>>> print(open('upload14.cif').read())   # mmCIF, C-alpha atoms and all ligand atoms
data_input
loop_
_atom_site.label_atom_id
_atom_site.label_comp_id
_atom_site.auth_asym_id
_atom_site.auth_seq_id
_atom_site.Cartn_x
_atom_site.Cartn_y
_atom_site.Cartn_z
CA MET A 2 30.24 70.32 -141.98
CA ILE A 3 33.66 68.93 -141.07
CA LEU A 4 36.74 70.63 -142.53
CA LYS A 5 39.73 68.29 -142.56
CA PHE A 6 43.24 69.69 -142.30
CA PRO A 7 46.21 68.04 -144.04
CA GLU A 8 47.85 65.15 -142.25
CA GLY A 9 50.74 66.26 -140.05
CA PHE A 10 49.37 69.78 -139.71
CA LEU A 11 51.00 71.64 -136.81
CA TRP A 12 48.76 73.11 -134.11
CA GLY A 13 50.33 75.35 -131.54
CA THR A 14 50.61 78.69 -129.89
CA ALA A 15 53.17 81.50 -130.00
CA THR A 16 54.77 83.68 -127.34
CA SER A 17 57.78 85.98 -127.14
CA ALA A 18 60.40 86.27 -124.42
CA HIS A 19 59.79 89.79 -123.18
CA GLN A 20 56.03 89.28 -123.16
CA VAL A 21 56.02 86.16 -120.99
CA GLU A 22 59.36 85.43 -119.32
CA GLY A 23 59.56 88.29 -116.82
CA ASN A 24 62.50 90.36 -115.58
CA ASN A 25 64.20 90.90 -118.91
CA ASN A 26 66.03 93.80 -117.40
CA LEU A 27 68.94 93.98 -119.81
CA ASN A 28 67.02 94.93 -122.94
CA ASN A 29 65.98 98.24 -124.46
CA TRP A 30 62.28 97.71 -123.78
CA TRP A 31 62.85 97.29 -120.04
CA HIS A 32 64.96 100.42 -120.05
CA TRP A 33 62.12 102.28 -121.82
CA GLU A 34 59.57 100.98 -119.29
CA GLU A 35 61.81 102.20 -116.51
CA GLY A 36 61.57 105.81 -117.69
CA GLY A 37 63.76 105.79 -120.79
CA GLY A 38 60.80 106.97 -122.93
CA SER A 39 58.80 110.17 -123.19
CA LYS A 40 56.03 109.15 -120.78
CA PRO A 41 55.35 106.60 -118.02
CA ARG A 42 54.43 103.11 -119.20
CA GLU A 43 53.06 99.98 -117.65
CA LYS A 44 56.04 97.78 -116.78
CA SER A 45 56.47 94.16 -117.76
CA LEU A 46 57.99 93.21 -114.36
CA SER A 47 57.61 89.47 -113.77
CA ALA A 48 55.29 89.06 -116.82
CA CYS A 49 53.94 85.47 -116.71
CA ASP A 50 57.04 84.24 -114.91
CA HIS A 51 57.37 81.85 -117.82
CA PHE A 52 61.15 81.92 -117.38
CA ASN A 53 60.62 79.77 -114.27
CA ARG A 54 57.37 78.08 -115.27
CA PHE A 55 58.05 77.03 -118.86
CA ASP A 56 57.93 73.35 -117.96
CA GLU A 57 54.44 73.46 -116.50
CA ASP A 58 53.26 75.84 -119.26
CA PHE A 59 54.38 73.37 -121.92
CA ALA A 60 52.75 70.51 -120.03
CA LEU A 61 49.51 72.51 -120.05
CA ALA A 62 49.85 73.23 -123.77
CA LYS A 63 50.45 69.54 -124.40
CA SER A 64 47.39 68.59 -122.34
CA LEU A 65 45.50 70.87 -124.74
CA HIS A 66 46.79 68.73 -127.63
CA GLN A 67 49.15 71.31 -129.07
CA ASN A 68 51.93 69.61 -131.02
CA THR A 69 54.21 72.60 -131.58
CA HIS A 70 55.19 75.84 -129.87
CA ARG A 71 56.76 79.08 -131.06
CA PHE A 72 58.83 81.04 -128.54
CA SER A 73 61.63 83.58 -128.74
CA ILE A 74 65.17 83.63 -127.43
CA GLU A 75 66.06 86.80 -125.56
CA TRP A 76 69.29 88.16 -127.03
CA SER A 77 69.98 90.34 -123.97
CA ARG A 78 70.06 87.22 -121.77
CA ILE A 79 72.36 85.32 -124.15
CA GLU A 80 74.76 88.24 -124.63
CA PRO A 81 74.28 90.60 -121.69
CA LYS A 82 77.47 92.50 -122.50
CA GLU A 83 79.08 93.01 -125.88
CA GLY A 84 80.88 89.81 -126.87
CA GLU A 85 80.23 88.09 -123.51
CA PHE A 86 77.90 85.12 -123.68
CA SER A 87 76.06 83.82 -120.65
CA ASP A 88 76.48 80.08 -120.09
CA SER A 89 73.50 80.03 -117.76
CA ALA A 90 71.24 81.66 -120.39
CA LEU A 91 72.43 79.22 -123.06
CA TYR A 92 71.76 76.38 -120.63
CA HIS A 93 68.31 77.80 -119.87
CA TYR A 94 67.20 77.78 -123.52
CA ARG A 95 68.52 74.24 -123.95
CA LYS A 96 66.28 73.29 -121.04
CA VAL A 97 63.35 75.09 -122.70
CA LEU A 98 63.93 73.20 -125.94
CA GLU A 99 64.40 69.88 -124.17
CA ALA A 100 61.13 70.45 -122.32
CA LEU A 101 59.31 70.95 -125.63
CA HIS A 102 60.85 67.80 -127.08
CA ARG A 103 59.92 65.85 -123.95
CA GLN A 104 56.31 66.92 -124.49
CA GLY A 105 56.47 65.88 -128.13
CA MET A 106 55.99 69.47 -129.26
CA LYS A 107 57.95 70.70 -132.27
CA PRO A 108 59.86 73.88 -131.33
CA MET A 109 59.88 76.99 -133.51
CA ALA A 110 62.50 79.40 -132.17
CA THR A 111 62.50 83.12 -132.97
CA LEU A 112 65.89 84.80 -132.76
CA ILE A 113 64.66 88.34 -132.37
CA HIS A 114 61.21 89.48 -131.36
CA PHE A 115 61.43 93.31 -131.14
CA THR A 116 63.75 93.66 -128.12
CA LEU A 117 67.47 94.44 -128.35
CA PRO A 118 70.15 94.17 -125.69
CA GLN A 119 70.47 97.60 -124.12
CA TRP A 120 74.18 97.75 -125.05
CA ILE A 121 73.17 97.55 -128.72
CA ALA A 122 70.35 100.09 -128.34
CA GLN A 123 72.89 102.49 -126.83
CA LYS A 124 74.95 102.17 -130.00
CA GLY A 125 72.01 102.97 -132.27
CA GLY A 126 70.32 99.54 -132.51
CA TRP A 127 69.19 98.67 -136.02
CA GLU A 128 70.45 102.03 -137.29
CA ASN A 129 74.04 100.91 -136.74
CA HIS A 130 75.54 98.90 -139.61
CA GLN A 131 77.56 96.91 -137.06
CA ILE A 132 74.38 95.17 -136.00
CA LEU A 133 74.99 92.81 -138.91
CA PHE A 134 78.19 91.63 -137.26
CA TRP A 135 76.60 91.43 -133.79
CA PHE A 136 73.55 89.58 -135.07
CA GLU A 137 75.64 87.07 -137.01
CA ARG A 138 77.74 86.33 -133.91
CA TYR A 139 74.62 85.92 -131.74
CA VAL A 140 72.88 83.67 -134.25
CA ARG A 141 75.98 81.51 -134.64
CA LYS A 142 76.21 81.13 -130.87
CA CYS A 143 72.57 80.06 -130.65
CA VAL A 144 72.87 77.54 -133.47
CA GLN A 145 76.09 76.10 -132.05
CA SER A 146 74.48 75.84 -128.62
CA PHE A 147 71.13 74.32 -129.49
CA GLY A 148 70.92 73.79 -133.24
CA ASP A 149 70.38 70.07 -132.59
CA LEU A 150 67.06 70.89 -130.90
CA VAL A 151 65.54 73.45 -133.30
CA PRO A 152 63.82 72.20 -136.47
CA LEU A 153 62.20 75.57 -137.29
CA TRP A 154 63.94 78.93 -136.96
CA ILE A 155 62.43 82.38 -137.33
CA THR A 156 65.13 84.99 -137.90
CA ILE A 157 63.19 88.21 -137.19
CA ASN A 158 59.66 88.82 -136.02
CA GLU A 159 57.61 91.47 -137.88
CA PRO A 160 60.47 93.70 -139.06
CA MET A 161 58.13 96.19 -140.74
CA VAL A 162 55.93 96.53 -137.67
CA TYR A 163 59.07 97.27 -135.68
CA PHE A 164 60.10 99.92 -138.22
CA PHE A 165 56.69 101.60 -138.34
CA GLN A 166 56.07 101.57 -134.61
CA SER A 167 59.58 102.67 -133.65
CA TYR A 168 60.59 104.94 -136.53
CA VAL A 169 57.38 106.20 -138.17
CA MET A 170 54.70 106.34 -135.48
CA GLY A 171 57.24 106.97 -132.71
CA GLU A 172 55.24 104.80 -130.32
CA TRP A 173 57.95 102.29 -129.45
CA PRO A 174 61.57 102.79 -128.47
CA PRO A 175 63.49 104.74 -129.69
CA GLU A 176 60.33 106.85 -130.39
CA SER A 177 61.60 108.29 -133.65
CA THR A 178 59.20 109.75 -136.24
CA GLU A 179 61.81 110.34 -138.88
CA GLY A 180 60.45 107.49 -141.00
CA LEU A 181 62.21 107.14 -144.31
CA LYS A 182 65.22 109.08 -143.02
CA LYS A 183 65.82 105.96 -140.95
CA LYS A 184 65.25 103.55 -143.79
CA LYS A 185 68.57 101.85 -143.14
CA VAL A 186 66.77 100.17 -140.20
CA VAL A 187 64.79 98.21 -142.79
CA GLN A 188 67.81 97.58 -144.98
CA HIS A 189 69.81 96.24 -142.04
CA GLN A 190 66.97 93.93 -141.00
CA ILE A 191 66.69 92.54 -144.52
CA GLU A 192 70.44 91.98 -144.68
CA ALA A 193 70.45 90.47 -141.17
CA HIS A 194 67.77 88.01 -142.20
CA GLY A 195 69.93 86.85 -145.12
CA VAL A 196 73.02 86.56 -142.94
CA ALA A 197 71.14 84.54 -140.30
CA TYR A 198 69.67 82.22 -142.92
CA HIS A 199 73.13 81.23 -144.15
CA VAL A 200 74.71 81.01 -140.70
CA ILE A 201 72.00 78.60 -139.52
CA HIS A 202 72.41 76.33 -142.53
CA GLU A 203 76.21 76.52 -142.43
CA GLU A 204 76.41 75.61 -138.74
CA ASN A 205 73.78 72.88 -139.11
CA GLU A 206 75.57 71.31 -142.04
CA LYS A 207 78.70 70.83 -139.92
CA HIS A 208 76.70 68.46 -137.68
CA SER A 209 74.16 67.20 -140.22
CA TYR A 210 71.33 68.87 -138.30
CA LYS A 211 68.25 69.63 -140.33
CA ALA A 212 66.29 72.85 -139.91
CA GLN A 213 64.14 75.18 -141.93
CA VAL A 214 64.52 78.91 -141.71
CA GLY A 215 62.00 81.68 -142.31
CA LEU A 216 60.83 84.98 -140.90
CA ALA A 217 57.55 86.04 -139.30
CA ALA A 218 55.97 88.71 -141.46
CA TYR A 219 53.02 90.75 -140.29
CA TYR A 220 50.48 91.05 -143.09
CA ARG A 221 47.77 93.64 -142.67
CA VAL A 222 45.06 93.60 -145.29
CA PHE A 223 44.39 97.07 -146.72
CA HIS A 224 41.20 98.01 -148.52
CA PRO A 225 40.19 101.37 -149.97
CA TRP A 226 37.79 103.43 -147.87
CA ASN A 227 36.01 104.36 -151.07
CA VAL A 228 36.36 101.61 -153.66
CA SER A 229 35.53 103.94 -156.50
CA SER A 230 38.24 106.45 -155.56
CA PRO A 231 41.42 105.92 -157.65
CA LEU A 232 43.44 107.78 -154.99
CA ASP A 233 42.20 105.54 -152.19
CA ARG A 234 42.99 102.53 -154.35
CA PHE A 235 46.44 103.93 -155.07
CA VAL A 236 47.34 104.37 -151.39
CA VAL A 237 46.13 100.84 -150.69
CA LYS A 238 48.68 99.61 -153.24
CA LEU A 239 51.36 101.82 -151.70
CA ARG A 240 50.75 100.59 -148.16
CA ASP A 241 50.50 97.00 -149.32
CA TRP A 242 53.82 97.35 -151.12
CA VAL A 243 55.79 99.07 -148.36
CA PHE A 244 54.27 97.45 -145.29
CA ASN A 245 53.49 93.92 -146.51
CA LEU A 246 55.53 93.07 -149.56
CA LEU A 247 58.78 95.01 -149.89
CA PHE A 248 60.66 92.94 -147.31
CA LEU A 249 59.44 89.64 -148.72
CA LYS A 250 60.12 90.64 -152.32
CA ALA A 251 63.67 91.55 -151.33
CA ILE A 252 64.28 88.01 -150.07
CA HIS A 253 62.55 86.54 -153.09
CA THR A 254 64.50 88.57 -155.68
CA GLY A 255 67.69 89.54 -153.83
CA PHE A 256 67.04 93.25 -154.52
CA ILE A 257 65.81 95.92 -152.11
CA ASP A 258 63.54 98.35 -153.90
CA PHE A 259 62.09 101.85 -153.53
CA PRO A 260 61.48 103.58 -151.13
CA ILE A 261 64.13 101.79 -149.02
CA CYS A 262 66.73 101.55 -151.83
CA PHE A 263 66.89 101.97 -155.61
CA HIS A 264 66.85 98.37 -156.76
CA THR A 265 69.98 97.49 -154.79
CA GLU A 266 71.26 93.94 -154.95
CA ILE A 267 72.16 92.31 -151.63
CA PRO A 268 74.68 89.46 -151.97
CA ASN A 269 73.36 86.00 -150.98
CA LEU A 270 69.89 87.27 -150.18
CA LYS A 271 67.95 85.86 -153.13
CA GLY A 272 65.92 82.85 -152.05
CA ALA A 273 67.23 82.95 -148.45
CA TRP A 274 64.15 81.37 -146.91
CA ASP A 275 62.67 77.90 -146.61
CA PHE A 276 59.21 79.03 -145.50
CA ILE A 277 57.22 82.16 -144.78
CA GLY A 278 55.68 82.87 -141.39
CA LEU A 279 52.45 84.84 -141.58
CA ASN A 280 51.21 86.94 -138.65
CA TYR A 281 47.67 88.07 -139.41
CA TYR A 282 45.33 90.08 -137.21
CA THR A 283 43.27 92.68 -139.03
CA ARG A 284 42.22 94.74 -142.01
CA GLU A 285 42.53 98.51 -142.35
CA LYS A 286 40.44 100.72 -144.58
CA VAL A 287 42.55 103.58 -145.84
CA GLN A 288 41.85 106.91 -147.45
CA PHE A 289 44.15 109.13 -149.48
CA SER A 290 45.26 112.19 -147.50
CA PHE A 291 47.75 114.91 -148.48
CA LYS A 292 48.21 115.79 -144.83
CA HIS A 293 49.50 112.29 -144.05
CA SER A 294 52.57 112.33 -146.28
CA HIS A 295 54.62 110.65 -143.51
CA HIS A 296 52.09 107.76 -143.52
CA LEU A 297 52.39 107.16 -147.24
CA PHE A 298 49.70 109.77 -148.00
CA SER A 299 47.03 107.71 -146.37
CA LYS A 300 45.00 107.68 -143.25
CA HIS A 301 43.38 104.77 -141.50
CA ILE A 302 39.61 105.11 -141.13
CA GLU A 303 38.52 103.52 -137.86
CA PRO A 304 35.95 100.69 -138.20
CA ILE A 305 32.41 101.88 -137.49
CA ASN A 306 30.00 98.98 -137.96
CA GLU A 307 32.52 96.18 -138.12
CA LYS A 308 33.40 93.80 -135.29
CA ILE A 309 36.48 94.93 -133.38
CA ASN A 310 38.76 93.51 -130.69
CA ASP A 311 39.54 95.21 -127.37
CA LEU A 312 42.24 97.32 -129.03
CA GLY A 313 39.81 98.53 -131.70
CA TRP A 314 41.27 96.41 -134.53
CA GLU A 315 38.72 95.12 -137.00
CA VAL A 316 38.05 91.38 -136.87
CA TYR A 317 38.12 90.34 -140.54
CA PRO A 318 38.52 86.57 -141.02
CA GLU A 319 38.50 86.74 -144.84
CA GLY A 320 41.73 88.71 -144.52
CA ILE A 321 43.74 85.65 -143.56
CA TYR A 322 42.58 84.01 -146.80
CA GLU A 323 43.52 87.13 -148.78
CA ALA A 324 46.93 87.24 -147.08
CA LEU A 325 47.61 83.56 -147.75
CA LYS A 326 46.66 83.91 -151.41
CA GLN A 327 48.90 86.94 -151.74
CA LEU A 328 51.87 85.18 -150.09
CA ASN A 329 51.34 82.15 -152.29
CA GLN A 330 52.98 84.12 -155.13
CA PHE A 331 56.35 83.28 -153.48
CA GLN A 332 55.68 79.54 -153.79
CA LYS A 333 57.04 78.68 -150.33
CA PRO A 334 55.44 76.65 -147.55
CA ILE A 335 53.61 78.94 -145.12
CA TYR A 336 53.23 78.67 -141.37
CA ILE A 337 50.70 80.94 -139.72
CA THR A 338 53.09 82.08 -137.02
CA GLU A 339 50.52 84.32 -135.24
CA ASN A 340 46.79 84.93 -135.33
CA GLY A 341 44.59 85.87 -132.41
CA ILE A 342 42.28 88.32 -130.72
CA CYS A 343 42.41 90.34 -127.51
CA THR A 344 39.05 90.21 -125.85
CA GLN A 345 37.53 89.91 -122.40
CA ALA A 346 34.68 87.90 -123.97
CA ASP A 347 35.95 84.41 -124.61
CA ARG A 348 32.98 83.61 -126.91
CA GLU A 349 34.44 86.12 -129.34
CA ARG A 350 37.75 84.25 -129.26
CA GLN A 351 35.98 80.96 -129.96
CA GLN A 352 34.20 82.51 -132.94
CA PHE A 353 37.46 84.11 -134.08
CA ILE A 354 39.21 80.74 -134.11
CA VAL A 355 36.47 79.01 -136.05
CA ASP A 356 36.08 81.83 -138.58
CA HIS A 357 39.81 82.25 -139.20
CA LEU A 358 40.52 78.54 -139.44
CA SER A 359 37.68 78.16 -141.95
CA GLN A 360 39.44 80.73 -144.10
CA VAL A 361 42.78 78.96 -143.66
CA HIS A 362 41.11 75.75 -144.80
CA ARG A 363 39.67 77.57 -147.81
CA ALA A 364 43.17 78.71 -148.78
CA ILE A 365 44.53 75.17 -148.38
CA LYS A 366 41.74 73.88 -150.61
CA ASP A 367 42.80 76.49 -153.17
CA GLY A 368 46.30 75.02 -153.17
CA VAL A 369 48.17 77.18 -150.64
CA ASP A 370 50.75 75.06 -148.84
CA VAL A 371 49.94 75.90 -145.20
CA LYS A 372 51.88 73.71 -142.80
CA GLY A 373 50.69 74.87 -139.40
CA TYR A 374 48.89 77.39 -137.24
CA TYR A 375 50.19 79.11 -134.09
CA HIS A 376 47.51 80.91 -132.13
CA TRP A 377 48.61 84.13 -130.45
CA SER A 378 48.87 83.45 -127.62
CA LEU A 379 49.27 80.60 -125.18
CA LEU A 380 48.97 82.93 -122.18
CA ASP A 381 47.61 86.39 -121.45
CA ASN A 382 50.78 88.45 -121.59
CA PHE A 383 52.51 91.82 -121.79
CA GLU A 384 51.21 93.60 -124.90
CA TRP A 385 54.08 96.07 -125.38
CA ALA A 386 53.00 99.74 -125.19
CA GLU A 387 49.49 98.62 -124.21
CA GLY A 388 50.64 96.72 -121.13
CA TYR A 389 48.61 93.94 -119.54
CA SER A 390 45.00 94.91 -120.26
CA PRO A 391 44.67 93.31 -123.72
CA ARG A 392 43.92 89.63 -123.17
CA PHE A 393 45.22 87.52 -126.03
CA GLY A 394 45.61 84.21 -124.19
CA LEU A 395 43.88 80.89 -124.65
CA ILE A 396 44.86 80.63 -121.01
CA HIS A 397 43.89 83.29 -118.50
CA VAL A 398 46.79 84.34 -116.26
CA ASP A 399 46.02 85.77 -112.85
CA ARG A 400 48.72 88.39 -112.35
CA ASN A 401 48.37 88.29 -108.57
CA ASN A 402 49.38 84.67 -108.14
CA GLN A 403 50.36 83.52 -111.66
CA GLU A 404 47.55 80.97 -111.69
CA ARG A 405 46.82 79.62 -115.18
CA ILE A 406 43.16 78.96 -116.09
CA PRO A 407 42.45 77.58 -119.56
CA ARG A 408 39.52 79.31 -121.23
CA ASP A 409 36.78 77.54 -123.21
CA SER A 410 38.55 78.72 -126.35
CA ALA A 411 41.59 76.69 -125.25
CA ARG A 412 39.39 73.60 -125.06
CA LEU A 413 37.79 74.32 -128.43
CA TYR A 414 41.25 74.73 -129.98
CA ALA A 415 42.37 71.53 -128.25
CA GLU A 416 39.53 69.61 -129.89
CA ILE A 417 40.52 70.94 -133.31
CA ALA A 418 44.17 70.04 -132.71
CA LEU A 419 43.29 66.57 -131.47
CA THR A 420 41.00 65.68 -134.35
CA ASN A 421 42.79 67.74 -137.04
CA ASN A 422 39.27 68.76 -138.04
CA LEU A 423 37.19 71.86 -137.71
CA GLU A 424 33.45 71.57 -137.35
CA VAL A 425 31.54 74.48 -138.88
CA ARG A 426 27.84 75.16 -139.26
CA ASP A 427 26.61 74.59 -142.84
O1 LIG B 501 51.81 90.81 -129.08
C1 LIG B 501 52.10 91.01 -130.43
C2 LIG B 501 53.31 90.20 -130.83
O2 LIG B 501 54.43 90.52 -130.06
C3 LIG B 501 53.67 90.48 -132.27
N1 LIG B 501 52.52 90.32 -133.12
C4 LIG B 501 51.30 90.97 -132.75
C5 LIG B 501 50.95 90.62 -131.30
C6 LIG B 501 49.63 91.29 -130.90
O3 LIG B 501 49.76 92.67 -131.03
#
>>> encode(input="upload14.cif", output="structure tokens")
Amino acid sequence: MILKFPEGFLWGTATSAHQVEGNNNLNNWWHWEEGGGSKPREKSLSACDHFNRFDEDFALAKSLHQNTHRFSIEWSRIEPKEGEFSDSALYHYRKVLEALHRQGMKPMATLIHFTLPQWIAQKGGWENHQILFWFERYVRKCVQSFGDLVPLWITINEPMVYFFQSYVMGEWPPESTEGLKKKKVVQHQIEAHGVAYHVIHEENEKHSYKAQVGLAAYYRVFHPWNVSSPLDRFVVKLRDWVFNLLFLKAIHTGFIDFPICFHTEIPNLKGAWDFIGLNYYTREKVQFSFKHSHHLFSKHIEPINEKINDLGWEVYPEGIYEALKQLNQFQKPIYITENGICTQADRERQQFIVDHLSQVHRAIKDGVDVKGYYHWSLLDNFEWAEGYSPRFGLIHVDRNNQERIPRDSARLYAEIALTNNLEVRD
């Protein structure tokens, strides 16, 4: 059976600066890799050297029929010292954007993808209210410098993942486990999103540039470990609310709700988005647990019989359909800004692509306005605390000589992108 995607559908891949560029030595993650954390970590070093090879990487993506690309701008390059902007970094990202346009690939630019300039981290990062001022200034600079080249902006990537990993689980810098005591991190990110949304439109209007602005939200599907347990069902609702929905509801309504605030109105936040970016990877089965009060009274039960990726995350294609249906309540166009699998077995990636895209198609048929799909990732890259072993790329990267070798999954995806169709077995 052939599944047809809507005309003009965007097919691309996503990356982020620290994961692919290499030598981002002015940000907080680099500092952490260099011994700033509690234990030794694999270092990102030269990553995929994409900073120097972006042109050929985009040419390769284009040869694989991708018509869009999502990348991130590294704040610590643009503003290496407080208030001092780097002309060479601004020039670099113009070149990156021009290269995408030359290839006929629509750019989607992310303004912040986890990393912070080290000078901001030293002042408390997202805990410091001043970040709203710093972020606004940085965003304005970016839009003034290359607003003419960016039709799709992502303000913040996965703010709730950042909060949980950095302030609840304590696995990412600054390795805090104080959780809700640090809830202002979430509040500041919500407010920063709103500020960025207006700055982008304001600056663009001055020059009659057109762009759409959204954020990339990680959506993890939660199911109860025991469907007949009311407590398991309750913690599923709790996790879904805090992890998946609270941030989005705040933008939709203009109010930040419990447990981050008590129904607090944020000026100019309501409706400050033109689209939603969905990052979907997995489902978690959760069980109520008194002992896990810091994890919303719930514990994740590891998959036993289900398919998993190389990091142990369950592969659950129906979840992308469930996530899309859930996000459809906001009645905004949706881009799938990330979806992918880390695996050494490329056949699994091929199956993953077919299974997930079938579910995306199902959601479109049900009326969800999905505009495009960005596979994570173009290249094997630096997977944060897990380093280089997880292989998420459509393109294999040899870390010894930076050789790029497209996998069969890259060719399968290319065929889908070229034809705008997905062939599935009946
Ligand atoms: O590599 C990350 C990316 O930076 C954010 N979304 C999830 C990916 C896979 O873990």
>>> closest_atom_pairs(input="upload14.cif", of="segment 64-167 of chain A", to="segment 13-20 of chain A", cutoff="7 Å", atoms="all atoms listed in the file", output="tab-separated table")
residue	atom	partner	partner_atom	distance
A:Gln67	CA	A:Gly13	CA	4.9
A:Asn68	CA	A:Gly13	CA	6.0
A:Thr69	CA	A:Gly13	CA	4.8
A:His70	CA	A:Gly13	CA	5.2
A:Arg71	CA	A:Ala15	CA	4.5
A:Phe72	CA	A:Thr16	CA	5.0
A:Ser73	CA	A:Ser17	CA	4.8
A:Ile74	CA	A:Ala18	CA	6.2
A:Glu75	CA	A:Ala18	CA	5.8
A:His114	CA	A:Ser17	CA	6.5
>>> closest_residue(input="upload14.cif", among="A:Lys96, A:Arg42, A:Arg78, A:His189", to="Gln131 of chain A", atoms="only C-alpha atoms")
A:His189
>>> closest_residue(input="upload14.cif", among="A:Val369, A:Leu153, A:Ala197, A:Val140", to="Phe86 of chain A", atoms="all atoms listed in the file")
A:Val140
>>> residues_near_ligand(input="upload14.cif", ligand="ligand LIG 501 (chain B)", cutoff="9 Å", atoms="only C-alpha atoms and all ligand atoms", output="list in words")
Ala15, Thr16, Ser17, His19, Gln20, His114, Phe115, Asn158, Glu159, Val162, Tyr219, Asn280, Tyr281, Tyr282, Glu339, Asn340, Gly341, Ile342, Cys343, Trp377, Ser378, Asn382, Phe383, Glu384, Trp385, Pro391 and Phe393 of chain A
>>> closest_atom_pairs(input="upload14.cif", of="segment 197-264 of chain A", to="segment 273-278 of chain A", cutoff="9 Å", atoms="all atoms listed in the file", output="Markdown table")
| residue | atom | partner | partner_atom | distance |
| --- | --- | --- | --- | --- |
| A:Tyr198 | CA | A:Ala273 | CA | 6.1 |
| A:His199 | CA | A:Ala273 | CA | 7.5 |
| A:Gln213 | CA | A:Asp275 | CA | 5.6 |
| A:Val214 | CA | A:Asp275 | CA | 5.3 |
| A:Gly215 | CA | A:Phe276 | CA | 5.0 |
| A:Leu216 | CA | A:Gly278 | CA | 5.6 |
| A:Ala217 | CA | A:Gly278 | CA | 4.2 |
| A:Ala218 | CA | A:Gly278 | CA | 5.8 |
| A:Tyr219 | CA | A:Gly278 | CA | 8.4 |
| A:Leu249 | CA | A:Ile277 | CA | 8.7 |
| A:Ile252 | CA | A:Ala273 | CA | 6.1 |
| A:His253 | CA | A:Ala273 | CA | 7.5 |
| A:Gly255 | CA | A:Ala273 | CA | 8.5 |
>>> closest_residue(input="upload14.cif", among="A:Leu46, A:Met161, A:Gln288, A:Asp258", to="Ser230 of chain A", atoms="all atoms listed in the file")
A:Gln288
>>> atom_distance(input="upload14.cif", atom1="atom CA of Ile305 of chain A", atom2="atom CA of Leu395 of chain A")
27.1 Å
>>> closest_residue(input="upload14.cif", among="A:Asp356, A:Asp58, A:Asp367, A:Glu22", to="Pro407 of chain A", atoms="only C-alpha atoms")
A:Asp58
>>> residues_around(input="upload14.cif", residues="Leu419 of chain A", least_positions_apart="2", cutoff="9 Å", atoms="only C-alpha atoms", output="NGL selection string")
:A and (12 or 65-67 or 414-417 or 421-422)
>>> residues_near_point(input="upload14.cif", point="(50.9, 97.8, -119.8)", cutoff="6 Å", atoms="all atoms listed in the file", output="list in words")
Glu43, Lys44, Glu387, Gly388 and Tyr389 of chain A
>>> atom_distance(input="upload14.cif", atom1="atom CA of Leu279 of chain A", atom2="atom CA of Arg392 of chain A")
20.8 Å
>>> closest_residue(input="upload14.cif", among="A:Gly313, A:Pro318, A:Gly195, A:Gly373", to="Pro268 of chain A", atoms="all atoms listed in the file")
A:Gly195
>>> closest_residue(input="upload14.cif", among="A:Tyr94, A:Phe353, A:Trp314, A:Phe52", to="Cys143 of chain A", atoms="all atoms listed in the file")
A:Tyr94
>>> residues_near_point(input="upload14.cif", point="(53.0, 85.7, -156.6)", cutoff="12 Å", atoms="all atoms listed in the file", output="VMD selection string")
chain A and resid 246 249 to 250 253 to 254 324 to 333 369
>>> residues_around(input="upload14.cif", residues="Glu176 of chain A", least_positions_apart="3", cutoff="9 Å", atoms="all atoms listed in the file", output="VMD selection string")
chain A and resid 38 to 39 166 to 173
>>> write_last_selection(input="upload14.cif", atoms="C-alpha atoms", output="PDB file, in the coordinates of the input")
ATOM      1  CA  GLY A  38      60.800 106.970-122.930  1.00  0.00           C
ATOM      2  CA  SER A  39      58.800 110.170-123.190  1.00  0.00           C
ATOM      3  CA  GLN A 166      56.070 101.570-134.610  1.00  0.00           C
ATOM      4  CA  SER A 167      59.580 102.670-133.650  1.00  0.00           C
ATOM      5  CA  TYR A 168      60.590 104.940-136.530  1.00  0.00           C
ATOM      6  CA  VAL A 169      57.380 106.200-138.170  1.00  0.00           C
ATOM      7  CA  MET A 170      54.700 106.340-135.480  1.00  0.00           C
ATOM      8  CA  GLY A 171      57.240 106.970-132.710  1.00  0.00           C
ATOM      9  CA  GLU A 172      55.240 104.800-130.320  1.00  0.00           C
ATOM     10  CA  TRP A 173      57.950 102.290-129.450  1.00  0.00           C
TER      11      TRP A 173
END
>>> residues_around(input="upload14.cif", residues="Phe59 of chain A", least_positions_apart="2", cutoff="10 Å", atoms="only C-alpha atoms", output="ChimeraX atom specification")
/A:51,54-57,61-65,67,69-70,97,100-106,379
>>> write_last_selection(input="upload14.cif", atoms="C-alpha atoms", output="compact mmCIF listing (two decimals), keeping the file's coordinate frame")
# COMPACT_ATOMS: atom_id res chain seq x y z
CA HIS A 51 57.37 81.85 -117.82
CA ARG A 54 57.37 78.08 -115.27
CA PHE A 55 58.05 77.03 -118.86
CA ASP A 56 57.93 73.35 -117.96
CA GLU A 57 54.44 73.46 -116.50
CA LEU A 61 49.51 72.51 -120.05
CA ALA A 62 49.85 73.23 -123.77
CA LYS A 63 50.45 69.54 -124.40
CA SER A 64 47.39 68.59 -122.34
CA LEU A 65 45.50 70.87 -124.74
CA GLN A 67 49.15 71.31 -129.07
CA THR A 69 54.21 72.60 -131.58
CA HIS A 70 55.19 75.84 -129.87
CA VAL A 97 63.35 75.09 -122.70
CA ALA A 100 61.13 70.45 -122.32
CA LEU A 101 59.31 70.95 -125.63
CA HIS A 102 60.85 67.80 -127.08
CA ARG A 103 59.92 65.85 -123.95
CA GLN A 104 56.31 66.92 -124.49
CA GLY A 105 56.47 65.88 -128.13
CA MET A 106 55.99 69.47 -129.26
CA LEU A 379 49.27 80.60 -125.18
